[in-house]
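The file coords_4.txt contains compact mmCIF, C-alpha atoms:
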# COMPACT_ATOMS: atom_id res chain seq x y z
CA MET A 1 96.23 112.24 38.05
CA ALA A 2 94.24 109.29 39.33
CA ASP A 3 90.55 109.64 40.01
CA SER A 4 89.18 107.56 42.87
CA ASN A 5 85.74 107.55 41.27
CA LEU A 6 86.96 105.73 38.20
CA LEU A 7 87.03 102.01 37.66
CA ARG A 8 90.15 100.38 36.26
CA ASP A 9 88.96 100.77 32.68
CA GLY A 10 88.63 104.50 33.23
CA THR A 11 84.84 104.71 33.36
CA ALA A 12 83.00 106.21 36.27
CA LYS A 13 81.27 103.75 38.59
CA GLY A 14 78.21 102.12 37.08
CA LEU A 15 78.68 103.65 33.68
CA HIS A 16 78.77 102.01 30.32
CA PRO A 17 82.22 102.22 28.73
CA HIS A 18 80.85 102.65 25.22
CA HIS A 19 79.26 105.88 24.28
CA THR A 20 78.31 105.84 20.63
CA ALA A 21 74.58 106.10 21.40
CA ASP A 22 75.13 109.49 22.97
CA PRO A 23 75.24 112.29 20.35
CA SER A 24 77.33 114.42 22.67
CA ASN A 25 80.08 111.80 22.42
CA ARG A 26 80.17 111.40 18.65
CA ARG A 27 83.40 112.57 17.06
CA ARG A 28 84.48 113.64 20.51
CA PRO A 29 88.05 114.93 20.50
CA ILE A 30 90.19 112.99 22.93
CA GLY A 31 90.99 115.02 26.01
CA GLY A 32 89.65 118.18 24.40
CA ALA A 33 89.71 120.04 21.12
CA GLN A 34 92.74 121.55 19.46
CA ARG A 35 92.35 125.23 18.85
CA PRO A 36 91.54 126.08 15.22
CA PRO A 37 94.59 127.46 13.36
CA TRP A 38 93.30 131.05 13.17
CA PHE A 39 93.06 131.17 16.97
CA LYS A 40 96.61 129.85 17.24
CA VAL A 41 97.80 132.58 14.91
CA GLY A 42 95.81 135.15 16.89
CA ASP A 43 97.18 133.91 20.23
CA GLY A 44 100.74 133.91 18.93
CA LEU A 45 100.52 137.40 17.43
CA PHE A 46 98.82 138.73 20.55
CA LEU A 47 101.55 137.43 22.88
CA LEU A 48 104.19 138.78 20.49
CA VAL A 49 102.58 142.25 20.57
CA VAL A 50 102.13 142.20 24.36
CA GLY A 51 105.76 141.13 24.79
CA ALA A 52 107.03 143.89 22.50
CA GLU A 53 104.79 146.45 24.20
CA SER A 54 106.00 145.39 27.66
CA GLY A 55 109.66 145.58 26.68
CA VAL A 56 109.31 149.00 25.02
CA THR A 57 107.26 150.38 27.92
CA MET A 58 109.82 149.27 30.50
CA GLN A 59 112.74 150.60 28.46
CA TRP A 60 110.95 153.93 28.00
CA ILE A 61 110.25 154.21 31.75
CA HIS A 62 113.93 153.52 32.54
CA GLU A 63 114.91 156.48 30.38
CA LEU A 64 113.48 158.69 33.14
CA GLU A 65 116.57 157.81 35.24
CA TRP A 66 114.89 157.95 38.65
CA ASN A 67 115.30 155.44 41.43
CA PHE A 68 115.67 151.95 39.92
CA LEU A 69 113.08 150.28 42.17
CA VAL A 70 110.50 153.01 41.57
CA LEU A 71 111.04 152.79 37.82
CA SER A 72 110.79 148.99 37.90
CA LEU A 73 107.44 149.07 39.69
CA LEU A 74 106.21 151.92 37.51
CA GLY A 75 107.31 150.16 34.32
CA MET A 76 105.74 146.86 35.29
CA GLY A 77 102.51 148.59 36.26
CA ALA A 78 102.42 150.54 32.99
CA ALA A 79 103.17 147.43 30.91
CA MET A 80 100.37 145.52 32.65
CA CYS A 81 97.90 148.40 32.18
CA VAL A 82 98.54 148.38 28.43
CA GLN A 83 98.35 144.57 28.42
CA MET A 84 94.95 144.67 30.13
CA LEU A 85 93.60 147.23 27.68
CA LEU A 86 94.80 145.10 24.75
CA SER A 87 93.23 142.00 26.35
CA PHE A 88 89.86 143.68 26.86
CA GLY A 89 89.96 144.94 23.31
CA LEU A 90 90.58 141.50 21.85
CA ALA A 91 88.38 139.53 24.29
CA PRO A 92 85.33 139.32 21.98
CA LEU A 93 87.55 137.85 19.27
CA LEU A 94 90.06 135.66 21.14
CA GLY A 95 88.27 135.15 24.49
CA SER A 96 88.60 137.00 27.78
CA ILE A 97 90.51 134.45 29.86
CA GLU A 98 92.34 133.19 26.78
CA THR A 99 93.88 136.62 26.26
CA MET A 100 94.16 137.89 29.82
CA ALA A 101 95.86 134.98 31.64
CA PRO A 102 98.83 134.22 29.34
CA SER A 103 99.45 137.86 28.43
CA MET A 104 99.61 138.78 32.11
CA VAL A 105 102.51 136.35 32.52
CA VAL A 106 104.29 137.94 29.53
CA ALA A 107 103.63 141.46 30.83
CA MET A 108 105.14 140.48 34.21
CA VAL A 109 108.20 138.63 32.92
CA VAL A 110 109.34 140.88 30.04
CA PRO A 111 109.76 144.04 32.19
CA MET A 112 111.80 141.92 34.62
CA LEU A 113 114.06 140.86 31.74
CA VAL A 114 114.60 144.51 30.78
CA ASP A 115 115.39 145.17 34.46
CA VAL A 116 118.02 142.42 34.38
CA PHE A 117 119.72 144.15 31.45
CA GLU A 118 119.63 147.43 33.39
CA ILE A 119 121.13 145.80 36.48
CA MET A 120 123.92 144.30 34.36
CA ASN A 121 124.53 147.78 32.96
CA LEU A 122 123.78 146.54 29.47
CA MET A 123 121.89 149.51 28.11
CA ILE A 124 119.42 148.39 25.49
CA GLY A 125 117.47 150.67 23.19
CA ARG A 126 113.77 150.71 22.43
CA TYR A 127 114.16 148.48 19.38
CA GLU A 128 116.17 145.84 21.28
CA ALA A 129 113.71 145.92 24.21
CA GLY A 130 110.82 145.45 21.80
CA PHE A 131 112.60 142.56 20.08
CA LEU A 132 113.43 140.94 23.43
CA GLY A 133 109.78 141.25 24.48
CA ALA A 134 108.43 139.92 21.18
CA ALA A 135 110.79 136.94 21.34
CA SER A 136 109.73 136.25 24.94
CA GLY A 137 106.05 136.43 23.96
CA LEU A 138 106.62 133.96 21.14
CA PHE A 139 108.60 131.68 23.43
CA TYR A 140 105.72 131.64 25.93
CA PHE A 141 103.26 130.93 23.12
CA VAL A 142 105.32 127.88 22.11
CA TYR A 143 105.41 126.75 25.76
CA LEU A 144 101.61 127.07 25.96
CA GLU A 145 101.23 125.00 22.79
CA TYR A 146 103.29 122.26 24.42
CA TYR A 147 101.41 122.64 27.71
CA GLY A 148 98.03 122.47 25.95
CA ALA A 149 98.99 119.25 24.17
CA ALA A 150 100.24 117.75 27.45
CA THR A 151 96.98 118.75 29.15
CA ARG A 152 94.85 117.07 26.48
CA ARG A 153 96.98 113.92 26.77
CA ARG A 154 96.62 113.96 30.57
CA PHE A 155 92.84 114.34 30.37
CA ALA A 156 92.58 111.63 27.72
CA LEU A 157 94.49 109.23 29.97
CA THR A 158 92.42 110.07 33.04
CA TRP A 159 89.04 109.93 31.29
CA PRO A 160 89.62 107.69 28.27
CA ASN A 161 86.12 106.35 27.66
CA GLY A 162 83.69 108.99 28.73
CA ALA A 163 80.33 107.81 29.98
CA ARG A 164 76.78 107.10 29.04
CA THR A 165 73.99 107.74 31.49
CA ARG A 166 70.58 106.23 31.50
CA MET B 1 75.50 139.96 45.25
CA THR B 2 72.34 140.61 43.23
CA ASP B 3 73.35 144.27 42.74
CA ILE B 4 76.76 143.30 41.35
CA TRP B 5 75.17 141.00 38.78
CA ASN B 6 72.52 143.54 37.82
CA LEU B 7 75.40 145.95 37.13
CA ARG B 8 77.49 143.37 35.28
CA ALA B 9 74.51 142.45 33.11
CA ARG B 10 75.04 145.66 31.16
CA LEU B 11 78.55 144.71 30.04
CA TYR B 12 78.24 140.94 30.16
CA ASP B 13 77.87 140.21 26.46
CA ILE B 14 80.87 142.40 25.60
CA CYS B 15 83.21 141.00 28.25
CA GLU B 16 82.05 137.38 28.26
CA GLY B 17 80.83 137.07 24.73
CA SER B 18 83.71 134.94 23.49
CA GLN B 19 81.29 132.70 21.64
CA LEU B 20 83.41 132.79 18.51
CA ARG B 21 86.03 130.75 20.31
CA ARG B 22 84.02 128.80 22.87
CA GLY B 23 80.76 128.25 21.02
CA ALA B 24 81.63 124.91 19.40
CA ALA B 25 82.84 123.38 22.68
CA LYS B 26 79.69 124.59 24.44
CA ALA B 27 77.45 123.10 21.74
CA ARG B 28 79.27 119.75 22.09
CA LEU B 29 78.81 119.78 25.85
CA PHE B 30 75.16 120.87 25.80
CA ALA B 31 74.29 118.18 23.25
CA GLY B 32 74.30 115.86 26.28
CA MET B 33 71.08 117.40 27.67
CA ARG B 34 68.32 114.89 28.40
CA GLY B 35 64.82 115.02 29.88
CA ASN B 36 63.99 117.81 32.32
CA VAL B 37 66.88 120.28 32.25
CA LEU B 38 67.85 122.85 34.87
CA PHE B 39 70.05 125.67 33.56
CA VAL B 40 71.66 127.50 36.48
CA ALA B 41 72.88 131.10 36.16
CA VAL B 42 71.22 132.00 32.87
CA GLY B 43 73.12 135.28 32.59
CA THR B 44 72.11 137.19 29.49
CA GLY B 45 71.23 133.86 27.87
CA ILE B 46 74.28 133.88 25.64
CA ASP B 47 74.54 130.07 25.98
CA ILE B 48 70.94 129.45 24.94
CA THR B 49 71.95 129.81 21.29
CA ARG B 50 74.17 126.73 21.78
CA PHE B 51 71.44 124.54 23.31
CA PRO B 52 69.99 121.69 21.25
CA ASP B 53 66.44 122.29 20.06
CA GLY B 54 63.40 120.67 21.61
CA GLN B 55 64.49 120.50 25.27
CA ARG B 56 62.38 121.20 28.37
CA ILE B 57 64.49 123.70 30.29
CA VAL B 58 64.05 125.71 33.49
CA GLY B 59 66.54 128.60 33.74
CA VAL B 60 67.48 130.13 37.09
CA ASP B 61 69.37 133.35 37.80
CA ILE B 62 69.81 135.51 40.88
CA SER B 63 69.67 138.73 38.84
CA GLY B 64 66.40 140.06 37.48
CA GLU B 65 68.33 142.29 35.09
CA MET B 66 70.15 139.27 33.61
CA LEU B 67 66.84 137.45 33.10
CA ARG B 68 65.32 140.54 31.50
CA ARG B 69 68.22 140.68 29.05
CA ALA B 70 67.96 136.93 28.36
CA GLU B 71 64.25 137.12 27.56
CA GLY B 72 64.78 137.66 23.82
CA ARG B 73 67.00 134.59 23.59
CA ARG B 74 64.47 132.57 25.60
CA ARG B 75 61.72 133.50 23.15
CA ALA B 76 63.93 132.63 20.18
CA TYR B 77 64.75 129.17 21.58
CA ARG B 78 63.04 126.33 19.68
CA GLY B 79 61.91 124.34 22.68
CA ASP B 80 60.18 124.73 26.04
CA MET B 81 62.07 127.15 28.27
CA ARG B 82 60.96 129.16 31.28
CA PHE B 83 62.86 131.36 33.71
CA VAL B 84 62.73 131.48 37.49
CA ARG B 85 64.54 134.06 39.59
CA GLY B 86 66.40 132.42 42.47
CA ASP B 87 69.62 131.57 44.25
CA VAL B 88 71.45 128.44 43.15
CA LYS B 89 72.14 127.63 46.82
CA ARG B 90 68.44 127.58 47.71
CA LEU B 91 66.56 126.19 44.74
CA ALA B 92 62.77 126.00 44.98
CA PHE B 93 62.60 122.53 43.43
CA ASN B 94 61.92 119.11 44.93
CA ASP B 95 64.63 116.48 45.32
CA ASP B 96 65.44 114.47 42.17
CA SER B 97 63.46 116.84 39.93
CA PHE B 98 65.81 117.08 36.95
CA ASP B 99 67.52 114.68 34.55
CA THR B 100 70.24 117.15 33.56
CA VAL B 101 71.72 120.21 35.23
CA VAL B 102 73.70 122.64 33.07
CA SER B 103 76.00 125.46 34.16
CA SER B 104 78.26 127.81 32.24
CA CYS B 105 80.91 129.96 33.94
CA THR B 106 78.93 129.81 37.17
CA MET B 107 81.01 128.11 39.85
CA CYS B 108 83.64 130.87 39.66
CA SER B 109 81.06 133.33 40.93
CA VAL B 110 78.96 131.51 43.53
CA PRO B 111 80.21 132.47 47.03
CA GLN B 112 80.15 128.91 48.48
CA PRO B 113 80.54 126.69 45.41
CA VAL B 114 80.40 123.34 47.24
CA ASP B 115 77.09 124.32 48.88
CA ALA B 116 75.73 125.29 45.47
CA LEU B 117 76.91 122.01 43.95
CA ARG B 118 75.29 120.06 46.82
CA GLU B 119 72.03 121.85 46.02
CA LEU B 120 72.40 120.82 42.36
CA TYR B 121 73.08 117.27 43.55
CA ARG B 122 69.85 117.38 45.55
CA VAL B 123 67.63 118.42 42.65
CA LEU B 124 69.28 116.04 40.17
CA ARG B 125 67.76 112.56 39.93
CA PRO B 126 69.98 109.55 40.69
CA GLY B 127 71.87 108.72 37.50
CA GLY B 128 71.31 112.26 36.19
CA ARG B 129 74.08 114.28 34.60
CA LEU B 130 75.74 117.55 35.43
CA LEU B 131 77.22 119.37 32.41
CA MET B 132 79.51 122.25 33.26
CA PHE B 133 81.45 124.71 31.14
CA GLU B 134 83.75 126.29 33.72
CA HIS B 135 87.10 127.98 34.15
CA VAL B 136 89.42 126.86 36.95
CA ARG B 137 92.92 127.50 38.29
CA SER B 138 95.67 126.13 36.06
CA ALA B 139 98.17 123.57 37.35
CA SER B 140 100.91 125.47 35.49
CA TRP B 141 102.81 127.61 37.99
CA SER B 142 103.00 130.63 35.70
CA LEU B 143 99.35 130.58 34.62
CA GLY B 144 98.24 129.66 38.15
CA LEU B 145 100.11 132.70 39.47
CA ALA B 146 98.53 134.94 36.84
CA LEU B 147 95.05 133.64 37.73
CA ASP B 148 95.77 134.22 41.44
CA ALA B 149 96.84 137.78 40.61
CA MET B 150 93.73 138.36 38.50
CA THR B 151 91.55 137.13 41.37
CA LEU B 152 92.82 140.03 43.51
CA TRP B 153 90.66 142.39 41.48
CA THR B 154 88.05 140.14 39.82
CA ARG B 155 86.93 139.09 43.33
CA TRP B 156 85.51 142.61 43.76
CA LEU B 157 83.32 141.95 40.74
CA GLY B 158 82.11 138.66 42.19
CA THR B 159 84.34 136.26 40.23
CA GLU B 160 87.28 134.13 41.39
CA MET B 161 89.63 132.93 38.67
CA ASN B 162 91.53 130.39 40.76
CA ARG B 163 88.98 127.88 42.01
CA ASP B 164 89.46 124.11 42.01
CA THR B 165 86.03 123.31 40.60
CA LEU B 166 86.85 119.65 39.86
CA ALA B 167 87.59 119.08 43.56
CA ASN B 168 84.41 120.98 44.47
CA VAL B 169 82.34 118.78 42.15
CA ARG B 170 83.73 115.67 43.84
CA ALA B 171 83.25 117.19 47.30
CA ALA B 172 79.56 117.71 46.51
CA GLY B 173 79.18 113.97 45.83
CA PHE B 174 79.29 113.84 42.04
CA GLN B 175 81.34 111.37 40.03
CA LEU B 176 83.49 112.91 37.33
CA ALA B 177 82.76 111.03 34.13
CA ARG B 178 84.74 113.09 31.65
CA VAL B 179 86.71 116.30 31.57
CA GLU B 180 87.85 117.93 28.34
CA SER B 181 90.20 120.81 27.75
CA VAL B 182 88.64 123.77 25.99
CA TYR B 183 91.56 126.10 26.65
CA LEU B 184 94.64 124.53 28.28
CA ASP B 185 93.65 123.33 31.76
CA ILE B 186 91.84 126.61 32.49
CA ILE B 187 88.55 126.35 30.60
CA LEU B 188 87.04 122.90 30.95
CA SER B 189 84.09 120.96 29.67
CA ILE B 190 83.00 118.80 32.64
CA HIS B 191 80.62 115.83 32.58
CA ALA B 192 79.68 114.60 36.06
CA LEU B 193 77.07 112.18 37.31
CA LYS B 194 74.96 111.64 40.36
CA GLY B 195 75.35 107.98 41.19
CA SER B 196 72.16 105.99 41.61
CA SER B 197 71.38 104.56 45.05
CA ASP B 198 72.25 101.06 43.74
CA GLU B 199 75.75 102.22 42.85
CA GLU B 200 76.25 103.99 46.14
CA ARG B 201 75.39 100.89 48.17
Could you rewrite the structure in this file as structure tokens?
Amino acid sequence: MADSNLLRDGTAKGLHPHHTADPSNRRRPIGGAQRPPWFKVGDGLFLLVVGAESGVTMQWIHELEWNFLVLSLLGMGAAMCVQMLLSFGLAPLLGSIETMAPSMVVAMVVPMLVDVFEIMNLMIGRYEAGFLGAASGLFYFVYLEYYGAATRRRFALTWPNGARTR
Amino acid sequence: MTDIWNLRARLYDICEGSQLRRGAAKARLFAGMRGNVLFVAVGTGIDITRFPDGQRIVGVDISGEMLRRAEGRRRAYRGDMRFVRGDVKRLAFNDDSFDTVVSSCTMCSVPQPVDALRELYRVLRPGGRLLMFEHVRSASWSLGLALDAMTLWTRWLGTEMNRDTLANVRAAGFQLARVESVYLDIILSIHALKGSSDEER
């Protein structure tokens, strides 16, 4: 991602490339900070729980044996309602956006996976649906870890030196 | 707009109080404050606890209720801080008045963010710095979609989760000096500068 305001050495126009005199730049993590381990554990467990909840909710809704499309929409809506309540509950601890955005993806995708099993006439029970959801949540957590590292690398390449103002 | 924020003031610290996770990144960003500082959208003053001591700061917010709730944190701040009620798009300050402008989770909520950023550009002196702690739309398709979906309902509360604030900062005339990831590419620590007239020539 090139920035037209940057000179070739990566500094913004007219800025000093060295930044040690600026306390805000001391021990500055390149491209951004890694999350502390306890937040990683919290994020991982949270996505696992949301995934399991979404799978179980969708499987439970399908037990009603109404119209498939109605049940799909109902199940997805119910899974996302629970996901939002869980996110609000954990927001003071793990962060509002940090919980809401990734868990919304999990709460959308997992019910669809349960739907796929239904369409293929592979009847899965509550335990299997929960396991499928938990595994999907963990998979998405791993993807986000990779994506976060790639983001920090991208930012570090685009803004390698930072800046010092007068 | 003011009514929404007066209402949100009551729940703000509960919903937005993720200081446990974001506090260290905010403190690192705000350590770059210099000279006369303008703090836009004070909110309940939750960020004041992360400001370095001894600064001269003017805080602005559109909501009187937010400023009332921030008063305790203002008094506890070890430095010179005063509050002014006002709209970030029509600031009652002269051109080039401030050395540093600080914002935190603001540009997601201002109705015309580029206009607001142009106003910040106006009051910032040439060579001055803009320090922003903001959330933006992710470039990841799945997260971007989730943020678009969230915006369908957060918009009614005055917040858009899917803005391209980096592009808005550039569009207002600032130079991006450094951007750091706080959480993926959604929550960012942004350092931007107002070029001096010599550099612009």
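The shortest atom-to-atom distance to chain A, with all atoms listed in the file taken into account, belongs to B:Gly128 out of B:Gly128, B:Gly54, B:Pro113, B:Gly86.
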Computed interatomic separation between atom CA of Gly44 of chain A and atom CA of Arg163 of chain B (Å):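 A separation of 26.6 Å between them.
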Residues of chain B within 8 Å of chain A, only C-alpha atoms counted, as a ChimeraX atom specification: /B:14-22,25,28-32,127-129,142-143,146-147,150,175-185,193,195,199
Minimum-distance residue to Ser72 of chain A, chosen among A:Val110, A:Asp115, A:Trp38, A:Ser54 (using only C-alpha atoms): A:Asp115
Point-to-point distance in Å for atom CA of Gly75 of chain A and atom CA of Pro111 of chain A: 6.9 Å
At a cut-off of 8 Å, using only C-alpha atoms, what residues contact Asp164 of chain B? Leave out same-chain residues fewer than 4 positions from it and give the result as a PDB file with C-alpha atoms, keeping the file's coordinate frame.
ATOM      1  CA  VAL B 136      89.420 126.860  36.950  1.00  0.00           C
ATOM      2  CA  ARG B 137      92.920 127.500  38.290  1.00  0.00           C
ATOM      3  CA  ASN B 168      84.410 120.980  44.470  1.00  0.00           C
TER       4      ASN B 168
END
Coordinates-based distance that separates atom CA of Leu166 of chain B from atom CA of Glu134 of chain B (Å, one decimal): 9.6 Å
Counting only C-alpha atoms, the residue of B:Val42, B:Ala149, B:Ile62, B:Val102 that sits nearest Arg74 of chain B: B:Val42
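Using all atoms listed in the file, every residue with an atom at most 9 Å from the point (73.3, 123.0, 33.7) is listed here: Phe30, Met33, Val37, Leu38, Phe39, Val40, Ala41, Gly59, Thr100, Val101, Val102, Ser103, Ser104, Leu120, Arg129, Leu130, Leu131, Met132 and Phe133 of chain B.
Every protein or nucleic acid residue with an atom no more than 8 Å from segment 121-131 of chain A, counting only C-alpha atoms and leaving out same-chain residues fewer than 5 positions away, appears here: Gly51, Ala52, Glu53, Ser54, Gly55, Val56, Gln59, Trp60 and Val114 of chain A.
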